[in-house]
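Chemist: My file is target27.cif. It has mmCIF, C-alpha atoms and all ligand atoms:
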```cif
data_model
loop_
_atom_site.label_atom_id
_atom_site.label_comp_id
_atom_site.auth_asym_id
_atom_site.auth_seq_id
_atom_site.Cartn_x
_atom_site.Cartn_y
_atom_site.Cartn_z
CA MET A 78 63.66 -30.71 -16.34
CA ASN A 79 63.62 -32.57 -19.61
CA VAL A 80 61.93 -31.48 -22.80
CA GLY A 81 59.61 -34.47 -22.68
CA LYS A 82 57.83 -33.17 -19.59
CA THR A 83 57.08 -29.72 -21.03
CA GLN A 84 56.00 -31.27 -24.28
CA GLU A 85 53.60 -33.58 -22.49
CA MET A 86 52.17 -30.61 -20.61
CA VAL A 87 51.48 -28.48 -23.66
CA TYR A 88 49.58 -31.37 -25.20
CA GLU A 89 47.56 -32.12 -22.09
CA MET A 90 46.80 -28.62 -20.86
CA LYS A 91 43.96 -26.56 -22.28
CA VAL A 92 44.00 -22.86 -23.12
CA SER A 93 41.39 -22.29 -20.40
CA ALA A 94 43.85 -23.47 -17.74
CA VAL A 95 46.31 -20.64 -18.35
CA MET A 96 44.33 -17.80 -19.98
CA THR A 97 43.55 -14.54 -18.18
CA ARG A 98 39.85 -14.56 -17.36
CA ASP A 99 39.30 -10.93 -16.47
CA VAL A 100 39.49 -9.52 -19.96
CA ILE A 101 39.74 -5.79 -20.36
CA THR A 102 37.72 -4.75 -23.39
CA ILE A 103 36.68 -1.56 -25.16
CA GLY A 104 33.52 -0.70 -27.06
CA SER A 105 33.75 -0.15 -30.82
CA LYS A 106 32.18 3.30 -30.54
CA GLU A 107 34.54 4.51 -27.82
CA ARG A 108 37.20 7.08 -28.66
CA MET A 109 40.76 6.35 -29.75
CA SER A 110 42.03 8.84 -27.17
CA ARG A 111 40.80 6.58 -24.36
CA LEU A 112 43.19 3.87 -25.39
CA ARG A 113 46.33 5.37 -23.87
CA SER A 114 45.09 5.27 -20.28
CA LEU A 115 43.45 1.89 -20.78
CA LEU A 116 46.64 0.27 -22.04
CA GLN A 117 48.95 2.14 -19.69
CA GLY A 118 46.75 1.77 -16.63
CA ASN A 119 46.46 -1.98 -17.05
CA ARG A 120 49.96 -2.56 -18.46
CA ILE A 121 48.61 -4.37 -21.48
CA SER A 122 49.39 -4.12 -25.16
CA GLY A 123 46.04 -4.79 -26.77
CA VAL A 124 42.32 -5.19 -26.06
CA PRO A 125 39.41 -6.98 -27.74
CA VAL A 126 36.78 -4.62 -29.15
CA LEU A 127 33.13 -5.38 -28.42
CA GLU A 128 29.92 -4.28 -30.08
CA LYS A 129 26.71 -5.27 -28.28
CA GLY A 130 28.70 -7.84 -26.36
CA GLN A 131 30.08 -9.44 -29.53
CA LEU A 132 33.75 -9.56 -30.42
CA VAL A 133 34.19 -7.40 -33.54
CA GLY A 134 37.88 -6.55 -33.49
CA LEU A 135 41.11 -6.05 -31.66
CA ILE A 136 43.00 -2.86 -31.04
CA SER A 137 46.64 -2.94 -30.03
CA ILE A 138 49.39 -0.58 -29.04
CA GLU A 139 50.71 -0.83 -32.62
CA ASP A 140 47.38 0.53 -33.91
CA PHE A 141 47.58 3.28 -31.31
CA ILE A 142 51.10 4.27 -32.30
CA LYS A 143 50.12 4.36 -35.98
CA TRP A 144 47.21 6.61 -35.11
CA LEU A 145 49.53 8.89 -33.10
CA ALA A 146 52.06 9.04 -35.92
CA ASN A 147 49.47 9.98 -38.53
CA ASP A 148 46.61 12.34 -37.92
CA GLN A 149 45.93 11.97 -34.19
CA GLU A 150 42.46 13.23 -34.82
CA ASP A 151 40.12 11.56 -32.40
CA CYS A 152 37.88 8.91 -33.91
CA ALA A 153 36.00 5.78 -32.96
CA ILE A 154 37.97 2.66 -32.07
CA GLU A 155 36.22 0.77 -34.88
CA GLU A 156 37.91 2.97 -37.46
CA ARG A 157 41.35 1.90 -36.34
CA MET A 158 40.91 -1.61 -35.02
CA THR A 159 41.93 -4.82 -36.72
CA ARG A 160 38.77 -6.57 -37.87
CA GLU A 161 40.20 -9.98 -38.66
CA VAL A 162 40.82 -11.22 -35.20
CA THR A 163 42.65 -14.48 -34.71
CA THR A 164 40.88 -16.19 -31.86
CA ILE A 165 41.44 -19.45 -30.08
CA TYR A 166 39.00 -21.85 -28.40
CA GLU A 167 39.08 -22.30 -24.67
CA ASP A 168 39.31 -26.07 -25.03
CA ASP A 169 42.14 -25.99 -27.56
CA PRO A 170 45.31 -27.66 -26.34
CA LEU A 171 48.15 -25.31 -25.44
CA VAL A 172 50.32 -26.75 -28.16
CA LEU A 173 47.94 -25.24 -30.70
CA ALA A 174 48.22 -21.83 -29.07
CA ILE A 175 52.01 -22.02 -29.11
CA ARG A 176 52.01 -22.92 -32.81
CA LYS A 177 49.65 -20.04 -33.50
CA PHE A 178 51.93 -17.60 -31.69
CA GLU A 179 54.81 -18.86 -33.81
CA SER A 180 53.03 -18.81 -37.15
CA THR A 181 51.25 -15.46 -36.76
CA SER A 182 53.74 -13.51 -34.60
CA LEU A 183 50.70 -11.98 -32.90
CA GLY A 184 50.95 -10.98 -29.28
CA ARG A 185 47.56 -12.11 -27.99
CA PHE A 186 44.51 -14.16 -28.86
CA PRO A 187 41.02 -13.54 -27.54
CA VAL A 188 39.73 -16.85 -26.20
CA ILE A 189 36.18 -17.85 -27.17
CA THR A 190 33.87 -20.77 -26.46
CA ARG A 191 33.52 -23.32 -29.25
CA ASP A 192 29.72 -23.33 -29.37
CA GLN A 193 28.54 -19.77 -28.68
CA LYS A 194 31.77 -18.03 -29.71
CA THR A 195 31.55 -15.82 -26.63
CA LEU A 196 34.63 -14.13 -25.26
CA VAL A 197 35.81 -15.84 -22.06
CA GLY A 198 39.45 -14.83 -21.79
CA ILE A 199 42.60 -13.60 -23.43
CA LEU A 200 45.85 -15.44 -23.97
CA THR A 201 49.37 -14.00 -24.22
CA LYS A 202 52.74 -15.78 -24.34
CA GLY A 203 53.21 -14.57 -20.79
CA ASP A 204 50.08 -16.45 -19.71
CA VAL A 205 51.40 -19.62 -21.34
CA ILE A 206 54.78 -19.39 -19.62
CA GLU A 207 53.29 -18.54 -16.26
CA GLY A 208 50.76 -21.37 -16.54
CA LEU A 209 53.44 -23.89 -17.44
CA LEU A 210 55.66 -22.80 -14.57
CA LYS A 211 52.79 -23.09 -12.10
CA LYS A 212 51.94 -26.56 -13.34
CA LEU A 213 55.59 -27.59 -13.13
CA GLU A 214 55.79 -26.38 -9.56
CA ILE A 215 52.68 -28.31 -8.54
CA ASP A 216 53.92 -31.48 -10.23
CA TYR A 217 57.30 -31.09 -8.61
CA GLN A 218 55.80 -30.70 -5.15
CA GLU A 219 53.66 -33.77 -5.63
CA GLN A 220 56.61 -35.74 -6.85
CA GLU A 221 58.73 -34.58 -3.94
CA ALA A 222 56.03 -35.70 -1.53
CA ARG A 223 55.87 -39.13 -3.13
CA HIS A 224 59.62 -39.53 -2.70
CA PHE A 225 59.54 -38.97 1.02
CA PRO A 226 56.44 -40.50 2.56
CA ALA A 227 56.27 -39.61 6.28
CA ARG A 228 54.52 -42.86 7.07
CA TYR A 229 57.53 -44.66 5.80
CA LEU A 230 59.77 -42.66 8.12
CA PHE A 231 57.82 -43.59 11.24
CA ASP A 232 56.85 -47.09 10.16
CA ASN A 233 60.44 -48.19 10.28
CA ILE A 234 61.02 -46.98 13.79
CA GLU A 235 60.34 -49.50 16.52
CA ALA A 236 59.58 -47.60 19.68
CA ASP A 237 56.69 -46.88 22.01
CA ASP A 238 57.02 -43.25 21.18
CA THR A 239 59.01 -41.25 18.65
CA SER A 240 59.38 -37.78 17.25
CA LEU A 241 61.63 -35.76 15.02
CA GLN A 242 62.87 -32.40 16.22
CA LEU A 243 63.77 -29.51 13.97
CA ARG A 244 65.32 -26.40 15.53
CA TYR A 245 65.89 -22.98 14.04
CA ASN A 246 67.49 -19.83 15.41
CA VAL A 247 66.00 -16.52 14.37
CA LYS A 248 67.98 -13.28 14.54
CA GLY A 249 66.15 -10.23 15.76
CA GLN A 250 66.09 -6.98 13.78
CA ASP A 251 67.68 -8.66 10.78
CA PHE A 252 65.48 -8.41 7.72
CA THR A 253 68.03 -9.96 5.38
CA GLN A 254 67.25 -13.43 6.74
CA ALA A 255 63.64 -12.86 7.76
CA GLY A 256 61.52 -15.80 6.67
CA ASP A 257 64.42 -18.21 6.13
CA SER A 258 63.63 -20.45 9.08
CA SER A 259 59.99 -20.92 8.23
CA THR A 260 60.92 -21.54 4.60
CA ARG A 261 63.39 -24.24 5.63
CA LEU A 262 60.84 -25.78 7.98
CA LYS A 263 58.23 -25.77 5.22
CA ARG A 264 60.58 -27.46 2.75
CA THR A 265 61.51 -30.11 5.27
CA LEU A 266 57.92 -30.93 6.20
CA ARG A 267 57.04 -31.17 2.54
CA ARG A 268 59.88 -33.60 1.96
CA LEU A 269 58.71 -35.65 4.89
CA GLY A 270 55.53 -36.16 2.90
CA LEU A 271 53.06 -34.21 5.01
CA ARG A 272 49.89 -33.19 3.20
CA SER A 273 50.42 -29.93 1.37
CA ASP A 274 47.47 -28.16 3.06
CA LEU A 275 48.88 -29.06 6.46
CA VAL A 276 52.35 -27.86 5.46
CA ARG A 277 50.81 -24.60 4.26
CA ARG A 278 49.08 -24.00 7.59
CA ILE A 279 52.25 -24.74 9.56
CA ALA A 280 54.19 -22.46 7.21
CA ILE A 281 51.74 -19.57 7.75
CA ALA A 282 51.97 -19.89 11.54
CA SER A 283 55.74 -20.21 11.64
CA TYR A 284 56.26 -17.40 9.17
CA GLU A 285 54.10 -15.01 11.23
CA ALA A 286 55.89 -16.05 14.41
CA GLU A 287 59.29 -15.66 12.80
CA MET A 288 58.43 -12.16 11.56
CA ASN A 289 57.38 -11.19 15.08
CA LEU A 290 60.73 -12.42 16.40
CA VAL A 291 62.51 -10.35 13.76
CA ILE A 292 60.46 -7.20 14.27
CA TYR A 293 59.80 -7.09 18.01
CA THR A 294 62.56 -9.06 19.73
CA GLU A 295 66.30 -9.51 19.89
CA GLY A 296 65.80 -12.93 18.37
CA GLY A 297 64.53 -16.32 19.40
CA ARG A 298 64.06 -19.96 18.57
CA ILE A 299 61.60 -22.04 16.59
CA ARG A 300 61.35 -25.71 17.50
CA ALA A 301 59.17 -28.06 15.51
CA GLU A 302 58.43 -31.55 16.70
CA VAL A 303 57.00 -34.00 14.20
CA GLU A 304 55.17 -36.96 15.69
CA PRO A 305 53.25 -39.66 13.81
CA ALA A 306 49.91 -37.97 14.54
CA ARG A 307 50.73 -34.30 15.05
CA VAL A 308 53.20 -31.49 14.49
CA PHE A 309 53.98 -29.25 17.39
CA VAL A 310 55.69 -25.88 16.94
CA GLU A 311 57.11 -23.83 19.78
CA ILE A 312 58.35 -20.29 19.22
CA GLU A 313 60.07 -18.51 22.05
CA ASP A 314 62.02 -15.36 22.75
CA SER A 315 63.43 -13.73 25.84
CA GLY A 316 61.92 -10.31 25.59
CA PRO A 317 60.55 -7.70 25.65
CA GLY A 318 57.29 -9.61 26.17
CA ILE A 319 53.76 -8.43 25.52
CA ALA A 320 52.10 -6.20 28.11
CA ASP A 321 48.50 -6.66 26.99
CA LEU A 322 47.99 -10.06 25.40
CA GLU A 323 44.29 -9.57 24.81
CA LYS A 324 44.98 -6.47 22.77
CA ALA A 325 47.80 -8.12 20.82
CA LEU A 326 45.37 -10.85 19.79
CA GLU A 327 42.85 -8.38 18.41
CA PRO A 328 42.67 -8.27 14.60
CA GLY A 329 44.37 -5.12 13.35
CA TYR A 330 46.22 -4.25 16.54
CA SER A 331 49.87 -3.54 15.89
CA THR A 332 52.72 -1.65 17.49
CA ALA A 333 54.91 -1.95 14.39
CA PRO A 334 56.86 1.25 13.70
CA GLU A 335 56.32 3.20 10.50
CA TRP A 336 59.43 1.88 8.70
CA VAL A 337 58.28 -1.70 9.31
CA ARG A 338 54.83 -0.86 7.96
CA GLU A 339 56.45 0.58 4.85
CA MET A 340 57.91 -2.86 4.20
CA GLY A 341 54.41 -4.28 4.21
CA PHE A 342 54.32 -5.71 7.74
CA GLY A 343 52.35 -4.61 10.77
CA ALA A 344 48.80 -5.25 9.63
CA GLY A 345 48.12 -6.69 13.06
CA MET A 346 46.92 -10.02 11.66
CA GLY A 347 49.90 -12.24 12.53
CA LEU A 348 48.67 -13.73 15.79
CA VAL A 349 45.13 -13.93 14.40
CA ASN A 350 46.32 -15.90 11.39
CA MET A 351 48.43 -18.18 13.56
CA LYS A 352 45.46 -18.98 15.73
CA LYS A 353 43.26 -19.60 12.71
CA SER A 354 45.66 -21.94 10.99
CA ALA A 355 46.50 -24.03 14.06
CA ASP A 356 44.45 -26.75 15.74
CA GLU A 357 45.71 -25.55 19.10
CA PHE A 358 47.20 -22.19 19.93
CA ILE A 359 48.61 -21.12 23.29
CA ILE A 360 50.45 -17.87 23.92
CA GLU A 361 52.19 -16.92 27.14
CA SER A 362 54.06 -13.72 27.69
CA GLU A 363 55.58 -11.78 30.51
CA PRO A 364 56.95 -8.25 30.05
CA GLY A 365 60.68 -8.28 30.61
CA ARG A 366 60.92 -12.07 30.33
CA GLY A 367 59.66 -13.01 26.92
CA THR A 368 56.98 -14.71 24.90
CA THR A 369 56.30 -18.37 24.19
CA LEU A 370 53.89 -19.62 21.56
CA ASN A 371 52.74 -23.21 21.35
CA VAL A 372 50.92 -24.17 18.20
CA SER A 373 50.00 -27.67 17.22
CA PHE A 374 48.55 -29.32 14.18
CA ARG A 375 46.90 -32.71 13.87
CA ILE A 376 48.06 -34.92 11.03
CA ASN A 377 44.68 -35.90 9.65
CA GLU A 378 43.76 -37.79 6.58
CA GLU A 379 41.11 -35.18 5.82
CA PRO A 380 42.04 -31.70 4.62
CA HIS A 381 41.36 -28.89 7.09
CA GLU A 382 39.61 -25.76 5.84
CA VAL A 383 41.26 -22.44 6.69
CA ASN A 384 38.89 -19.51 6.44
N1 LIG S 1 57.27 -12.05 20.19
C1 LIG S 1 56.75 -10.85 20.48
N2 LIG S 1 57.36 -10.03 21.37
C2 LIG S 1 56.84 -8.85 21.68
N3 LIG S 1 55.71 -8.34 21.14
C3 LIG S 1 55.05 -9.08 20.24
C4 LIG S 1 55.54 -10.37 19.85
N4 LIG S 1 54.68 -10.89 18.98
C5 LIG S 1 53.70 -9.98 18.80
N5 LIG S 1 53.91 -8.88 19.56
C6 LIG S 1 53.02 -7.72 19.71
O1 LIG S 1 51.72 -8.10 19.31
C7 LIG S 1 51.26 -7.25 18.25
C8 LIG S 1 50.41 -8.02 17.28
O2 LIG S 1 51.19 -8.98 16.59
P1 LIG S 1 50.71 -9.53 15.21
O3 LIG S 1 49.32 -10.04 15.34
O4 LIG S 1 51.73 -10.47 14.67
O5 LIG S 1 50.62 -8.24 14.30
P2 LIG S 1 51.77 -7.32 13.66
O6 LIG S 1 53.05 -8.08 13.71
O7 LIG S 1 51.30 -7.06 12.28
O8 LIG S 1 51.81 -6.09 14.50
C9 LIG S 1 52.52 -6.67 17.66
O9 LIG S 1 52.28 -5.42 17.06
C10 LIG S 1 53.41 -6.52 18.88
O10 LIG S 1 53.09 -5.36 19.62
MG MG S 2 53.25 -10.02 13.22
#
```
Show how you would write the structure in this file as structure tokens.
Modeler:
Amino acid sequence: MNVGKTQEMVYEMKVSAVMTRDVITIGSKERMSRLRSLLQGNRISGVPVLEKGQLVGLISIEDFIKWLANDQEDCAIEERMTREVTTIYEDDPLVLAIRKFESTSLGRFPVITRDQKTLVGILTKGDVIEGLLKKLEIDYQEQEARHFPARYLFDNIEADDTSLQLRYNVKGQDFTQAGDSSTRLKRTLRRLGLRSDLVRRIAIASYEAEMNLVIYTEGGRIRAEVEPARVFVEIEDSGPGIADLEKALEPGYSTAPEWVREMGFGAGMGLVNMKKSADEFIIESEPGRGTTLNVSFRINEEPHEVN
């Protein structure tokens, strides 16, 4: 990534695009002793102080430490806060915020509207970096898609019928590689130029299916077939199979063992989410023989709403 790109971004992007909107504040009449839990509990280093909804100051961890080091006698926030608050407007370009961070060496700026001067957010260097990274990622994905248009791939093939097959092997009971196959499938589909919302839906379904292979089976296979008008994904394993399919499809039903749940899996929403994200969903299973899932997705021009 060259410097030019980041520079362009900080000129084009506004403070409002990267600021944190849920601002934690404190009232000017509240007690100093409340500050510790507020800062610690939210992992922040300073909060704007409000009086009747108006921004009147800022109190930071530095102010708190000073108070601790001196008298420690409890008092109102307003007695210890900084009254000259350096604010920034929500529609200021990011470059201005970055310069302000450099010239003031302050850690945060309350963000206010230009006309009413009301508090609408707070900006830290962390917000700026995170916002820039997110924007870079989005731009990169869009660029990647432009480089590999799927249309182009199929338009150059002269045949009555064509498709591209992608096959992945998934190891059972092996959490070190869990998710790799669906990640590789997702990357490939993105490079082929499929719409990002479609890729996301396919990625959700294949990730859930892959996790089920890892958790419940000895392993299996994922096969994706890309056709000009649809993507078809088949996930199969050879056991143990599902005894009660109806139950397995119920939201919240899970047979995941405790140690799997501790890793954050086993909410019983995998099959439900697969069904929701696909245009067609067929599951077949026989105890002792295995499970096969067929999910397909239409390649539409219009985005599909997942809800
Ligand atoms: N490939 C599979 N082989 C055997 N059992 C499965 C398979 N996929 C799902 N199941 C069963 O169906 C249940 C529901 O699956 P799912 O909706 O993905 O939720 P979760 O994985 O969170 O339990 C699982 O708890 C498991 O009992
Ligand atoms: Mg699951």
Chemist: List the neighbours of segment 117-132 of chain A out to 7 Å using all atoms listed in the file; skip same-chain residues closer than 5 positions along the sequence, and give me the result as a ChimeraX atom specification.
Modeler: /A:101-105,137-138,187,196
Chemist: Box for segment 109-118 of chain A: with edges along x, y and z, all listed atoms inside and 6 Å added on each side, what are the centre and edge lengths in Å to one decimal, as AutoDock Vina command-line options?
Modeler:
```
--center_x 44.9 --center_y 4.6 --center_z -23.2 --size_x 20.2 --size_y 20.6 --size_z 25.1
```
Chemist: I'd like the interatomic distance between atom CA of Glu150 of chain A and atom CA of Val133 of chain A, to a tenth of an Å.
Modeler: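 Going from atom CA of Glu150 of chain A over to atom CA of Val133 of chain A, I get 22.3 Å.
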Chemist: Find the residues of chain A that sit at most 7 Å from ligand LIG 1 (chain S); for each, write down the nearest two atoms and how far apart they are in Å, to one decimal. Count only C-alpha atoms and all ligand atoms. Sort by chain, then by number going up, and give it as CSV.
Modeler:
```
residue,atom,partner,partner_atom,distance
A:Glu285,CA,S:LIG1,O4,6.2
A:Ala286,CA,S:LIG1,O4,7.0
A:Asn289,CA,S:LIG1,N4,4.8
A:Leu290,CA,S:LIG1,N1,5.1
A:Tyr293,CA,S:LIG1,C2,5.0
A:Thr294,CA,S:LIG1,N2,5.5
A:Asp314,CA,S:LIG1,N1,6.3
A:Gly316,CA,S:LIG1,N2,6.2
A:Pro317,CA,S:LIG1,C2,5.6
A:Gly318,CA,S:LIG1,C2,4.6
A:Ile319,CA,S:LIG1,N3,4.8
A:Ala325,CA,S:LIG1,O1,4.2
A:Leu326,CA,S:LIG1,O3,6.0
A:Pro328,CA,S:LIG1,O3,6.9
A:Tyr330,CA,S:LIG1,C8,5.7
A:Ser331,CA,S:LIG1,O9,3.3
A:Thr332,CA,S:LIG1,O9,3.8
A:Ala333,CA,S:LIG1,O9,5.1
A:Phe342,CA,S:LIG1,O7,5.6
A:Gly343,CA,S:LIG1,O7,3.1
A:Ala344,CA,S:LIG1,O7,4.1
A:Gly345,CA,S:LIG1,O5,3.2
A:Met346,CA,S:LIG1,O3,4.4
A:Gly347,CA,S:LIG1,O4,3.3
A:Leu348,CA,S:LIG1,O3,3.8
A:Val349,CA,S:LIG1,O3,5.8
A:Gly367,CA,S:LIG1,N2,6.7
A:Thr368,CA,S:LIG1,N1,5.4
```
Chemist: Could you save the residues just selected, with C-alpha atoms, as a PDB file, keeping the file's coordinate frame?
Modeler:
```
ATOM      1  CA  GLU A 285      54.100 -15.010  11.230  1.00  0.00           C
ATOM      2  CA  ALA A 286      55.890 -16.050  14.410  1.00  0.00           C
ATOM      3  CA  ASN A 289      57.380 -11.190  15.080  1.00  0.00           C
ATOM      4  CA  LEU A 290      60.730 -12.420  16.400  1.00  0.00           C
ATOM      5  CA  TYR A 293      59.800  -7.090  18.010  1.00  0.00           C
ATOM      6  CA  THR A 294      62.560  -9.060  19.730  1.00  0.00           C
ATOM      7  CA  ASP A 314      62.020 -15.360  22.750  1.00  0.00           C
ATOM      8  CA  GLY A 316      61.920 -10.310  25.590  1.00  0.00           C
ATOM      9  CA  PRO A 317      60.550  -7.700  25.650  1.00  0.00           C
ATOM     10  CA  GLY A 318      57.290  -9.610  26.170  1.00  0.00           C
ATOM     11  CA  ILE A 319      53.760  -8.430  25.520  1.00  0.00           C
ATOM     12  CA  ALA A 325      47.800  -8.120  20.820  1.00  0.00           C
ATOM     13  CA  LEU A 326      45.370 -10.850  19.790  1.00  0.00           C
ATOM     14  CA  PRO A 328      42.670  -8.270  14.600  1.00  0.00           C
ATOM     15  CA  TYR A 330      46.220  -4.250  16.540  1.00  0.00           C
ATOM     16  CA  SER A 331      49.870  -3.540  15.890  1.00  0.00           C
ATOM     17  CA  THR A 332      52.720  -1.650  17.490  1.00  0.00           C
ATOM     18  CA  ALA A 333      54.910  -1.950  14.390  1.00  0.00           C
ATOM     19  CA  PHE A 342      54.320  -5.710   7.740  1.00  0.00           C
ATOM     20  CA  GLY A 343      52.350  -4.610  10.770  1.00  0.00           C
ATOM     21  CA  ALA A 344      48.800  -5.250   9.630  1.00  0.00           C
ATOM     22  CA  GLY A 345      48.120  -6.690  13.060  1.00  0.00           C
ATOM     23  CA  MET A 346      46.920 -10.020  11.660  1.00  0.00           C
ATOM     24  CA  GLY A 347      49.900 -12.240  12.530  1.00  0.00           C
ATOM     25  CA  LEU A 348      48.670 -13.730  15.790  1.00  0.00           C
ATOM     26  CA  VAL A 349      45.130 -13.930  14.400  1.00  0.00           C
ATOM     27  CA  GLY A 367      59.660 -13.010  26.920  1.00  0.00           C
ATOM     28  CA  THR A 368      56.980 -14.710  24.900  1.00  0.00           C
TER      29      THR A 368
END
```
Chemist: My list of candidates is A:Ile165, A:Ala301, A:Val291, A:Met340. Which is closest to ligand MG 2 (chain S) when distances are computed with only C-alpha atoms and all ligand atoms?
Modeler: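 That would be A:Val291, the residue with the smallest distance to ligand MG 2 (chain S).
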Chemist: Need the shell around Lys263 of chain A: protein/DNA/RNA residues with any atom at most 8 Å away, counting all atoms listed in the file. Skip same-chain ones fewer than 5 positions apart. Format as a PyMOL selection string?
Modeler: chain A and resi 276-277+279-280
Chemist: Give me, please, the distance in Å between atom CA of Met158 of chain A and atom CA of Ile136 of chain A, quoted to one decimal.
Modeler: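 So the two atoms, atom CA of Met158 of chain A and atom CA of Ile136 of chain A, lie 4.7 Å apart.
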Chemist: Give the answer as one residue: which of A:Leu322, A:Ala306, A:Ile312, A:Ile292 has the shortest atom-to-atom distance to ligand MG 2 (chain S), using only C-alpha atoms and all ligand atoms?
Modeler: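 Of all the options, A:Ile292 lies closest to ligand MG 2 (chain S).
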Chemist: Restrict the calculation to only C-alpha atoms, then for each residue of segment 259-284 of chain A with any atom at most 12 Å from an atom of segment 246-250 of chain A give the closest atom pair and their distance in Å to one decimal, rows by chain and rising residue number, as CSV.
Modeler:
```
residue,atom,partner,partner_atom,distance
A:Ser259,CA,A:Val247,CA,9.7
A:Arg261,CA,A:Asn246,CA,11.5
A:Leu262,CA,A:Asn246,CA,11.6
A:Ser283,CA,A:Val247,CA,11.2
A:Tyr284,CA,A:Val247,CA,11.1
```
Chemist: Can segment 322-336 of chain A be brought up to N, CA and C atoms and written out as a PDB file, keeping the file's coordinate frame?
Modeler:
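What landed in selection.pdb:
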```pdb
ATOM      1  N   LEU A 322      48.166  -8.962  26.354  1.00  0.00           N
ATOM      2  CA  LEU A 322      47.990 -10.060  25.400  1.00  0.00           C
ATOM      3  C   LEU A 322      46.659  -9.986  24.655  1.00  0.00           C
ATOM      4  N   GLU A 323      45.621  -9.623  25.399  1.00  0.00           N
ATOM      5  CA  GLU A 323      44.290  -9.570  24.810  1.00  0.00           C
ATOM      6  C   GLU A 323      44.267  -8.615  23.610  1.00  0.00           C
ATOM      7  N   LYS A 324      44.917  -7.475  23.828  1.00  0.00           N
ATOM      8  CA  LYS A 324      44.980  -6.470  22.770  1.00  0.00           C
ATOM      9  C   LYS A 324      45.789  -6.978  21.585  1.00  0.00           C
ATOM     10  N   ALA A 325      46.925  -7.610  21.885  1.00  0.00           N
ATOM     11  CA  ALA A 325      47.800  -8.120  20.820  1.00  0.00           C
ATOM     12  C   ALA A 325      47.075  -9.136  19.947  1.00  0.00           C
ATOM     13  N   LEU A 326      46.107  -9.824  20.535  1.00  0.00           N
ATOM     14  CA  LEU A 326      45.370 -10.850  19.790  1.00  0.00           C
ATOM     15  C   LEU A 326      44.214 -10.275  18.981  1.00  0.00           C
ATOM     16  N   GLU A 327      43.929  -9.002  19.175  1.00  0.00           N
ATOM     17  CA  GLU A 327      42.850  -8.380  18.410  1.00  0.00           C
ATOM     18  C   GLU A 327      43.257  -8.185  16.949  1.00  0.00           C
ATOM     19  N   PRO A 328      42.343  -8.496  16.020  1.00  0.00           N
ATOM     20  CA  PRO A 328      42.670  -8.270  14.600  1.00  0.00           C
ATOM     21  C   PRO A 328      42.963  -6.793  14.373  1.00  0.00           C
ATOM     22  N   GLY A 329      44.057  -6.511  13.694  1.00  0.00           N
ATOM     23  CA  GLY A 329      44.370  -5.120  13.350  1.00  0.00           C
ATOM     24  C   GLY A 329      45.198  -4.377  14.364  1.00  0.00           C
ATOM     25  N   TYR A 330      45.403  -4.952  15.552  1.00  0.00           N
ATOM     26  CA  TYR A 330      46.220  -4.250  16.540  1.00  0.00           C
ATOM     27  C   TYR A 330      47.699  -4.485  16.248  1.00  0.00           C
ATOM     28  N   SER A 331      48.452  -3.403  16.160  1.00  0.00           N
ATOM     29  CA  SER A 331      49.870  -3.540  15.890  1.00  0.00           C
ATOM     30  C   SER A 331      50.662  -2.390  16.479  1.00  0.00           C
ATOM     31  N   THR A 332      51.845  -2.709  16.995  1.00  0.00           N
ATOM     32  CA  THR A 332      52.720  -1.650  17.490  1.00  0.00           C
ATOM     33  C   THR A 332      53.910  -1.464  16.542  1.00  0.00           C
ATOM     34  N   ALA A 333      53.800  -2.037  15.347  1.00  0.00           N
ATOM     35  CA  ALA A 333      54.910  -1.950  14.390  1.00  0.00           C
ATOM     36  C   ALA A 333      55.217  -0.498  14.040  1.00  0.00           C
ATOM     37  N   PRO A 334      56.493  -0.113  14.059  1.00  0.00           N
ATOM     38  CA  PRO A 334      56.860   1.250  13.700  1.00  0.00           C
ATOM     39  C   PRO A 334      56.647   1.517  12.198  1.00  0.00           C
ATOM     40  N   GLU A 335      56.617   2.781  11.856  1.00  0.00           N
ATOM     41  CA  GLU A 335      56.320   3.200  10.500  1.00  0.00           C
ATOM     42  C   GLU A 335      57.222   2.521   9.448  1.00  0.00           C
ATOM     43  N   TRP A 336      58.522   2.437   9.716  1.00  0.00           N
ATOM     44  CA  TRP A 336      59.430   1.880   8.700  1.00  0.00           C
ATOM     45  C   TRP A 336      59.156   0.396   8.460  1.00  0.00           C
TER      46      TRP A 336
END
```
